[in-house]
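Reproduced below: work32.pdb, with PDB, C-alpha atoms and all ligand atoms.
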ATOM      1  CA  MET A   1       4.804  -3.756  -9.805
ATOM      2  CA  HIS A   2       5.323  -0.567 -11.882
ATOM      3  CA  ASN A   3       7.355  -1.459 -14.959
ATOM      4  CA  THR A   4      10.134   1.075 -14.329
ATOM      5  CA  VAL A   5      10.333   0.089 -10.646
ATOM      6  CA  GLU A   6      10.893  -3.497 -11.810
ATOM      7  CA  LYS A   7      13.687  -2.288 -14.120
ATOM      8  CA  ILE A   8      15.316  -0.351 -11.261
ATOM      9  CA  LEU A   9      15.229  -3.422  -9.003
ATOM     10  CA  ALA A  10      16.636  -5.594 -11.816
ATOM     11  CA  LYS A  11      19.547  -3.139 -12.189
ATOM     12  CA  ILE A  12      20.252  -3.215  -8.444
ATOM     13  CA  LYS A  13      20.188  -7.008  -8.528
ATOM     14  CA  THR A  14      22.659  -7.169 -11.430
ATOM     15  CA  ASP A  15      24.987  -4.392 -10.316
ATOM     16  CA  LYS A  16      24.837  -4.749  -6.519
ATOM     17  CA  ASN A  17      23.824  -8.379  -6.000
ATOM     18  CA  LEU A  18      20.945  -7.197  -3.803
ATOM     19  CA  ASP A  19      17.541  -8.691  -4.508
ATOM     20  CA  PHE A  20      14.647  -6.409  -3.585
ATOM     21  CA  THR A  21      12.297  -7.826  -6.239
ATOM     22  CA  GLU A  22      10.098  -9.552  -3.652
ATOM     23  CA  TYR A  23      10.007  -6.743  -1.118
ATOM     24  CA  ARG A  24       6.697  -5.022  -0.433
ATOM     25  CA  GLU A  25       5.909  -2.806  -3.429
ATOM     26  CA  SER A  26       4.554   0.114  -1.387
ATOM     27  CA  THR A  27       7.778   0.448   0.655
ATOM     28  CA  ILE A  28      10.017   0.168  -2.408
ATOM     29  CA  THR A  29       8.041   2.756  -4.384
ATOM     30  CA  ARG A  30       7.997   5.121  -1.411
ATOM     31  CA  ARG A  31      11.773   4.828  -0.993
ATOM     32  CA  ILE A  32      12.408   5.396  -4.717
ATOM     33  CA  ASN A  33      10.106   8.445  -4.717
ATOM     34  CA  ARG A  34      12.081   9.778  -1.768
ATOM     35  CA  ARG A  35      15.298   9.564  -3.806
ATOM     36  CA  VAL A  36      13.502  11.238  -6.773
ATOM     37  CA  LEU A  37      12.750  14.191  -4.472
ATOM     38  CA  PHE A  38      16.410  14.490  -3.479
ATOM     39  CA  SER A  39      17.646  14.274  -7.068
ATOM     40  CA  SER A  40      17.540  16.559 -10.102
ATOM     41  CA  VAL A  41      14.746  14.604 -11.833
ATOM     42  CA  HIS A  42      10.972  14.550 -11.359
ATOM     43  CA  THR A  43       9.650  11.115 -12.290
ATOM     44  CA  ILE A  44      10.558   7.461 -11.692
ATOM     45  CA  PRO A  45      11.318   6.816 -15.425
ATOM     46  CA  GLU A  46      13.669   9.851 -15.416
ATOM     47  CA  TYR A  47      15.226   8.536 -12.213
ATOM     48  CA  PHE A  48      15.876   5.173 -13.903
ATOM     49  CA  LYS A  49      17.818   7.012 -16.639
ATOM     50  CA  LEU A  50      19.752   8.870 -13.936
ATOM     51  CA  ILE A  51      20.930   5.762 -12.058
ATOM     52  CA  LYS A  52      22.087   4.187 -15.329
ATOM     53  CA  LYS A  53      24.763   6.884 -15.595
ATOM     54  CA  ASP A  54      25.241   7.893 -11.941
ATOM     55  CA  ALA A  55      26.841   5.050  -9.966
ATOM     56  CA  LYS A  56      26.867   7.087  -6.748
ATOM     57  CA  GLU A  57      23.112   7.640  -6.885
ATOM     58  CA  LEU A  58      22.605   3.926  -7.543
ATOM     59  CA  ASP A  59      24.687   3.217  -4.424
ATOM     60  CA  THR A  60      22.617   5.641  -2.360
ATOM     61  CA  LEU A  61      19.359   4.150  -3.598
ATOM     62  CA  ALA A  62      20.493   0.586  -2.813
ATOM     63  CA  LYS A  63      21.322   1.712   0.743
ATOM     64  CA  ASP A  64      18.066   3.647   1.065
ATOM     65  CA  LEU A  65      15.852   0.701   0.167
ATOM     66  CA  THR A  66      16.457  -0.834   3.580
ATOM     67  CA  ILE A  67      15.281   0.808   6.775
ATOM     68  CA  HIS A  68      17.631   0.589   9.765
ATOM     69  CA  VAL A  69      15.599   2.089  12.586
ATOM     70  CA  THR A  70      16.342   0.199  15.789
ATOM     71  CA  GLU A  71      16.786   0.702  19.519
ATOM     72  CA  SER A  72      17.807  -1.212  22.631
ATOM     73  CA  PHE A  73      14.975  -3.256  24.134
ATOM     74  CA  ARG A  74      12.627  -2.089  21.392
ATOM     75  CA  ASP A  75       9.006  -2.502  22.562
ATOM     76  CA  PRO A  76       9.861  -2.944  26.265
ATOM     77  CA  GLU A  77       6.550  -4.661  27.188
ATOM     78  CA  THR A  78       7.247  -7.339  24.604
ATOM     79  CA  TRP A  79      10.763  -7.803  26.003
ATOM     80  CA  GLU A  80       9.212  -8.456  29.430
ATOM     81  CA  ILE A  81       7.058 -11.248  27.974
ATOM     82  CA  PHE A  82      10.054 -12.612  26.084
ATOM     83  CA  LYS A  83      12.203 -12.631  29.229
ATOM     84  CA  LYS A  84       9.472 -14.499  31.106
ATOM     85  CA  THR A  85       9.278 -17.065  28.288
ATOM     86  CA  ILE A  86      13.029 -17.703  28.388
ATOM     87  CA  LYS A  87      12.956 -17.930  32.201
ATOM     88  CA  GLU A  88      10.302 -20.632  31.958
ATOM     89  CA  GLU A  89      12.297 -22.521  29.314
ATOM     90  CA  THR A  90      15.316 -22.406  31.598
ATOM     91  CA  GLN A  91      13.451 -24.076  34.423
ATOM     92  CA  ILE A  92      13.190 -27.149  32.187
ATOM     93  CA  ARG A  93      16.827 -27.044  30.975
ATOM     94  CA  PRO A  94      18.885 -24.853  33.392
ATOM     95  CA  ASN A  95      22.321 -25.614  31.938
ATOM     96  CA  LYS A  96      21.472 -25.106  28.340
ATOM     97  CA  LYS A  97      23.825 -22.895  26.320
ATOM     98  CA  TRP A  98      21.678 -20.800  24.007
ATOM     99  CA  LYS A  99      22.685 -20.522  20.372
ATOM    100  CA  ILE A 100      20.960 -17.377  19.106
ATOM    101  CA  TRP A 101      20.593 -15.747  15.690
ATOM    102  CA  SER A 102      19.473 -12.123  15.480
ATOM    103  CA  ALA A 103      18.575 -11.795  11.773
ATOM    104  CA  GLY A 104      18.353  -8.254  10.378
ATOM    105  CA  CYS A 105      20.041  -6.813  13.456
ATOM    106  CA  SER A 106      20.820  -3.392  11.943
ATOM    107  CA  THR A 107      23.406  -1.610  14.153
ATOM    108  CA  GLY A 108      23.364  -4.292  16.853
ATOM    109  CA  GLU A 109      21.119  -2.874  19.594
ATOM    110  CA  GLU A 110      18.967  -6.019  19.483
ATOM    111  CA  VAL A 111      22.036  -8.237  19.866
ATOM    112  CA  TYR A 112      23.360  -6.282  22.846
ATOM    113  CA  SER A 113      19.897  -6.232  24.448
ATOM    114  CA  LEU A 114      19.779 -10.020  24.124
ATOM    115  CA  ALA A 115      23.258 -10.318  25.655
ATOM    116  CA  SER A 116      22.246  -8.109  28.569
ATOM    117  CA  MET A 117      18.986  -9.985  29.179
ATOM    118  CA  TYR A 118      20.673 -13.397  29.087
ATOM    119  CA  ASP A 119      23.363 -12.049  31.439
ATOM    120  CA  ASP A 120      20.612 -10.992  33.820
ATOM    121  CA  LEU A 121      19.243 -14.513  33.742
ATOM    122  CA  ASN A 122      22.717 -15.946  34.234
ATOM    123  CA  LEU A 123      22.546 -17.964  31.047
ATOM    124  CA  LYS A 124      25.299 -18.868  28.598
ATOM    125  CA  THR A 125      24.872 -17.794  24.993
ATOM    126  CA  THR A 126      26.430 -17.505  21.586
ATOM    127  CA  ILE A 127      24.769 -14.714  19.634
ATOM    128  CA  THR A 128      25.199 -14.141  15.911
ATOM    129  CA  GLY A 129      23.907 -10.851  14.547
ATOM    130  CA  THR A 130      23.436 -10.612  10.790
ATOM    131  CA  ASP A 131      22.336  -7.983   8.287
ATOM    132  CA  ILE A 132      22.711  -7.176   4.597
ATOM    133  CA  ASP A 133      24.058  -3.732   5.361
ATOM    134  CA  GLN A 134      27.816  -3.810   5.894
ATOM    135  CA  ALA A 135      27.935  -0.263   7.329
ATOM    136  CA  CYS A 136      25.388  -1.235  10.007
ATOM    137  CA  LEU A 137      27.449  -4.296  10.946
ATOM    138  CA  GLU A 138      30.628  -2.223  11.186
ATOM    139  CA  LYS A 139      28.862   0.195  13.540
ATOM    140  CA  ALA A 140      27.577  -2.732  15.621
ATOM    141  CA  VAL A 141      31.132  -4.022  16.060
ATOM    142  CA  SER A 142      32.823  -0.666  16.651
ATOM    143  CA  GLN A 143      30.233   0.789  19.037
ATOM    144  CA  PRO A 144      29.057  -1.959  21.390
ATOM    145  CA  GLN A 145      26.222  -0.661  23.571
ATOM    146  CA  TYR A 146      26.765  -3.235  26.247
ATOM    147  CA  ASN A 147      29.871  -4.525  27.900
ATOM    148  CA  ALA A 148      29.285  -8.092  26.867
ATOM    149  CA  LYS A 149      32.698  -9.540  27.746
ATOM    150  CA  GLN A 150      31.254 -12.797  29.008
ATOM    151  CA  LYS A 151      29.163 -13.318  25.909
ATOM    152  CA  ASN A 152      30.113 -14.827  22.603
ATOM    153  CA  ILE A 153      28.905 -12.199  20.184
ATOM    154  CA  HIS A 154      29.596 -12.279  16.458
ATOM    155  CA  PHE A 155      28.392 -10.144  13.588
ATOM    156  CA  CYS A 156      28.416 -11.214   9.960
ATOM    157  CA  HIS A 157      26.934 -10.369   6.622
ATOM    158  CA  HIS A 158      23.953 -12.525   5.672
ATOM    159  CA  ASP A 159      21.194 -11.944   3.138
ATOM    160  CA  LEU A 160      17.923 -13.522   4.233
ATOM    161  CA  VAL A 161      16.685 -13.561   0.634
ATOM    162  CA  GLN A 162      19.654 -15.079  -1.186
ATOM    163  CA  ASP A 163      21.758 -16.935   1.399
ATOM    164  CA  GLU A 164      21.218 -20.309   3.001
ATOM    165  CA  PRO A 165      20.468 -20.341   6.754
ATOM    166  CA  LEU A 166      23.513 -20.088   9.012
ATOM    167  CA  GLY A 167      23.231 -23.325  10.993
ATOM    168  CA  LYS A 168      21.159 -24.674  13.852
ATOM    169  CA  PHE A 169      19.829 -22.362  16.563
ATOM    170  CA  ASP A 170      17.816 -22.566  19.788
ATOM    171  CA  LEU A 171      16.402 -19.111  19.166
ATOM    172  CA  ILE A 172      15.970 -16.963  16.078
ATOM    173  CA  VAL A 173      15.061 -13.311  16.622
ATOM    174  CA  CYS A 174      13.902 -11.561  13.458
ATOM    175  CA  ARG A 175      12.026  -8.438  14.378
ATOM    176  CA  ASN A 176      10.804  -5.665  12.099
ATOM    177  CA  VAL A 177      12.356  -7.167   8.977
ATOM    178  CA  LEU A 178       9.639  -9.410   7.460
ATOM    179  CA  ILE A 179       7.311  -6.412   7.466
ATOM    180  CA  TYR A 180       9.227  -5.102   4.419
ATOM    181  CA  PHE A 181       8.822  -8.360   2.463
ATOM    182  CA  SER A 182       5.924  -9.540   0.252
ATOM    183  CA  GLU A 183       3.838 -12.357   1.720
ATOM    184  CA  ILE A 184       5.472 -14.882  -0.625
ATOM    185  CA  LEU A 185       8.966 -13.807   0.437
ATOM    186  CA  GLN A 186       7.950 -13.893   4.109
ATOM    187  CA  GLY A 187       6.922 -17.538   3.600
ATOM    188  CA  LYS A 188      10.278 -18.400   1.995
ATOM    189  CA  VAL A 189      12.275 -16.749   4.789
ATOM    190  CA  LEU A 190      10.117 -18.311   7.501
ATOM    191  CA  HIS A 191      10.818 -21.705   5.948
ATOM    192  CA  LYS A 192      14.558 -20.973   6.225
ATOM    193  CA  PHE A 193      14.023 -20.183   9.912
ATOM    194  CA  TYR A 194      12.007 -23.362  10.356
ATOM    195  CA  ARG A 195      14.883 -25.400   8.868
ATOM    196  CA  SER A 196      17.442 -23.524  10.902
ATOM    197  CA  LEU A 197      15.811 -24.016  14.299
ATOM    198  CA  LYS A 198      16.672 -26.988  16.487
ATOM    199  CA  PRO A 199      13.730 -29.176  17.563
ATOM    200  CA  LYS A 200      11.412 -27.053  19.741
ATOM    201  CA  GLY A 201      13.484 -23.968  18.916
ATOM    202  CA  ILE A 202      11.955 -20.534  19.445
ATOM    203  CA  LEU A 203      11.190 -17.865  16.836
ATOM    204  CA  TRP A 204      10.583 -14.262  17.890
ATOM    205  CA  LEU A 205       9.097 -11.805  15.376
ATOM    206  CA  GLY A 206       8.290  -8.083  15.512
ATOM    207  CA  ASN A 207       5.062  -6.670  16.937
ATOM    208  CA  SER A 208       3.447  -6.166  13.504
ATOM    209  CA  GLU A 209       4.593  -9.479  12.059
ATOM    210  CA  THR A 210       2.821 -12.789  12.122
ATOM    211  CA  LEU A 211       2.705 -16.273  10.620
ATOM    212  CA  ARG A 212       0.311 -16.629   7.700
ATOM    213  CA  GLY A 213      -0.746 -19.492   5.459
ATOM    214  CA  GLU A 214       1.499 -22.542   5.430
ATOM    215  CA  SER A 215       4.064 -20.992   7.791
ATOM    216  CA  ALA A 216       1.440 -21.022  10.574
ATOM    217  CA  THR A 217       1.480 -24.833  10.429
ATOM    218  CA  TRP A 218       5.239 -25.035  11.114
ATOM    219  CA  PHE A 219       5.076 -23.336  14.517
ATOM    220  CA  GLU A 220       2.918 -23.305  17.607
ATOM    221  CA  THR A 221       2.210 -20.048  19.401
ATOM    222  CA  ILE A 222       3.873 -19.402  22.757
ATOM    223  CA  ASP A 223       2.589 -15.817  23.057
ATOM    224  CA  SER A 224       0.481 -14.290  20.298
ATOM    225  CA  LYS A 225       0.798 -10.671  21.514
ATOM    226  CA  ALA A 226       4.594 -10.816  21.775
ATOM    227  CA  ARG A 227       4.837 -12.913  18.542
ATOM    228  CA  ILE A 228       6.809 -15.737  20.143
ATOM    229  CA  TYR A 229       6.540 -19.147  18.452
ATOM    230  CA  ARG A 230       7.947 -22.636  18.850
ATOM    231  CA  LYS A 231       9.034 -24.957  16.058
ATOM    232  CA  LYS A 232       6.592 -27.822  15.683
ATOM    233  CA  ARG A 233       7.495 -31.355  14.815
ATOM    234  CA  ILE A 234       5.717 -31.973  11.474
TER     235      ILE A 234
HETATM  236  C1  LIG A 301      14.062  -1.905  10.803
HETATM  237  S1  LIG A 301      15.584  -2.747  10.966
HETATM  238  C2  LIG A 301      15.216  -3.862  12.328
HETATM  239  C3  LIG A 301      16.354  -3.937  13.324
HETATM  240  C4  LIG A 301      16.049  -4.771  14.575
HETATM  241  N1  LIG A 301      15.775  -6.145  14.248
HETATM  242  C5  LIG A 301      14.925  -4.159  15.362
HETATM  243  O1  LIG A 301      13.832  -4.734  15.408
HETATM  244  O2  LIG A 301      15.124  -3.080  15.940
HETATM  245  C6  LIG A 301      15.544  -3.868   9.548
HETATM  246  C7  LIG A 301      16.911  -4.431   9.189
HETATM  247  O3  LIG A 301      16.714  -5.515   8.283
HETATM  248  C8  LIG A 301      17.794  -5.522   7.375
HETATM  249  N2  LIG A 301      17.431  -6.282   6.171
HETATM  250  C9  LIG A 301      16.609  -5.923   5.163
HETATM  251  N3  LIG A 301      16.597  -6.880   4.212
HETATM  252  C10 LIG A 301      17.429  -7.857   4.640
HETATM  253  C11 LIG A 301      17.857  -9.091   4.087
HETATM  254  N4  LIG A 301      17.435  -9.507   2.898
HETATM  255  N5  LIG A 301      18.724  -9.847   4.801
HETATM  256  C12 LIG A 301      19.182  -9.438   6.017
HETATM  257  N6  LIG A 301      18.832  -8.273   6.575
HETATM  258  C13 LIG A 301      17.973  -7.488   5.893
HETATM  259  C14 LIG A 301      18.028  -4.036   7.082
HETATM  260  O4  LIG A 301      19.323  -3.788   6.560
HETATM  261  C15 LIG A 301      17.793  -3.423   8.468
HETATM  262  O5  LIG A 301      18.992  -3.246   9.171
END
What do you get writing this file as structure tokens?
Ligand SMILES: C[S@@+](CC[C@H](N)C(=O)[O-])C[C@H]1O[C@@H](n2cnc3c(N)ncnc32)[C@H](O)[C@@H]1O
Amino acid sequence: MHNTVEKILAKIKTDKNLDFTEYRESTITRRINRRVLFSSVHTIPEYFKLIKKDAKELDTLAKDLTIHVTESFRDPETWEIFKKTIKEETQIRPNKKWKIWSAGCSTGEEVYSLASMYDDLNLKTTITGTDIDQACLEKAVSQPQYNAKQKNIHFCHHDLVQDEPLGKFDLIVCRNVLIYFSEILQGKVLHKFYRSLKPKGILWLGNSETLRGESATWFETIDSKARIYRKKRI
């Protein structure tokens, strides 16, 4: 990684307790360059000097390093395959109460889509939506996109890089988050998911994400196109 980019990330880690050091370099550099364009300076080294004296700019940069794009039922075809998978699971255990973790849920659309889909299938759930961005979580709570009265929905702050997994789940949904991480960091986070899933628990990733290297040995594939996997007993 570019030496000054490393220094910028070290400053964010110290000052903000946010660790982007193992995120994909191309995304990080692109996001920093974007902030350079919006600021009064012209180069990344000059920008580093700027954030050392401008706490507000440092705040903005830390927020800008994560991408929050989301929507309800994102990638609808994939949701259809996912719904079919859950329907099939339910035929084996109809009374199961699903404990679900939506990791990197941004402003909550994914959580509310899950609640709506499980409602449709008449299944009981507890859904925990987590993110590192507090403002996103506040929006998720204050602007629910689905009247999910019957559902147990919770939102809380959780950092996939620095925090321990939240508990044991039947399903972990982590879509369009790992794509921003280096391959090494993806492996570490996938191992957290592996530990956090109950036996035979399901992991659902985003359309451009996959299991590589050792992580591929921890799961079996339920549907390769929709990126749905099941925890293996190893
Ligand atoms: C592109 S959004 C994906 C939202 C949703 N899962 C979807 O697929 O529409 C990525 C989210 O991951 C969150 N994120 C990034 N790094 C994270 C980390 N270390 N721990 C938890 N969430 C993180 C970001 O704040 C952002 O809200």
I would like the residues chosen by the PyMOL selection byres (((not hetatm)) within 9 of (chain A and resi 301)) on the shown file; could you give them as an MDAnalysis selection string?
-> chainID A and resid 18:20 23 63 65:75 102:111 130:134 136:137 157:163 173:181 205:206
How many Å lie between CA of His191 in chain A and CA of Met117 in chain A, rounded to one decimal?
->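 Pair CA of His191 in chain A / CA of Met117 in chain A returns 27.3 Å.
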Hey, can you check how far CA of Phe155 in chain A sits from CA of Thr128 in chain A?
->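 About the pair CA of Phe155 in chain A and CA of Thr128 in chain A: they are 5.6 Å apart.
Note that the spacing between CA of Ile81 in chain A and CA of Ile222 in chain A amounts to 10.2 Å.
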Residues within 6 Å of (16.2, -17.8, 17.7), file coords, only C-alpha atoms, listed as a PyMOL selection string | chain A and resi 100-101+169-173+202-203
Residue selection dump (C-alpha atoms) as a compact mmCIF listing (two decimals), in the coordinates of the input:
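Everything below was put into result_18.txt:
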# COMPACT_ATOMS: atom_id res chain seq x y z
CA ILE A 100 20.96 -17.38 19.11
CA TRP A 101 20.59 -15.75 15.69
CA PHE A 169 19.83 -22.36 16.56
CA ASP A 170 17.82 -22.57 19.79
CA LEU A 171 16.40 -19.11 19.17
CA ILE A 172 15.97 -16.96 16.08
CA VAL A 173 15.06 -13.31 16.62
CA ILE A 202 11.96 -20.53 19.44
CA LEU A 203 11.19 -17.86 16.84
What does the PyMOL selection byres (((chain A and resi 212) around 12) and not hetatm) select in this file, as a ChimeraX atom specification?
-> /A:178,182-188,190-191,209-211,213-219
A:Phe82, A:Ser40, A:Lys225, A:His2 ranked by distance to Ser26 in chain A, top pick (using all atoms listed in the file) =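 Going through A:Phe82, A:Ser40, A:Lys225, A:His2 one by one, the smallest distance to Ser26 in chain A is for A:His2.
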Around range 22-36 of chain A, fit a box with edges along x, y and z, padding it by 6 Å on each side, then list its centre and edge lengths in Å to one decimal as AutoDock Vina command-line options.
--center_x 9.9 --center_y 0.8 --center_z -3.1 --size_x 22.7 --size_y 32.8 --size_z 19.4
Excluding same-chain residues fewer than 4 positions from range 48-57 of chain A, what lies within 12 Å of it counting only C-alpha atoms, as a PyMOL selection string?
-> chain A and resi 3-12+15-16+32-33+35-36+38-44+61-64
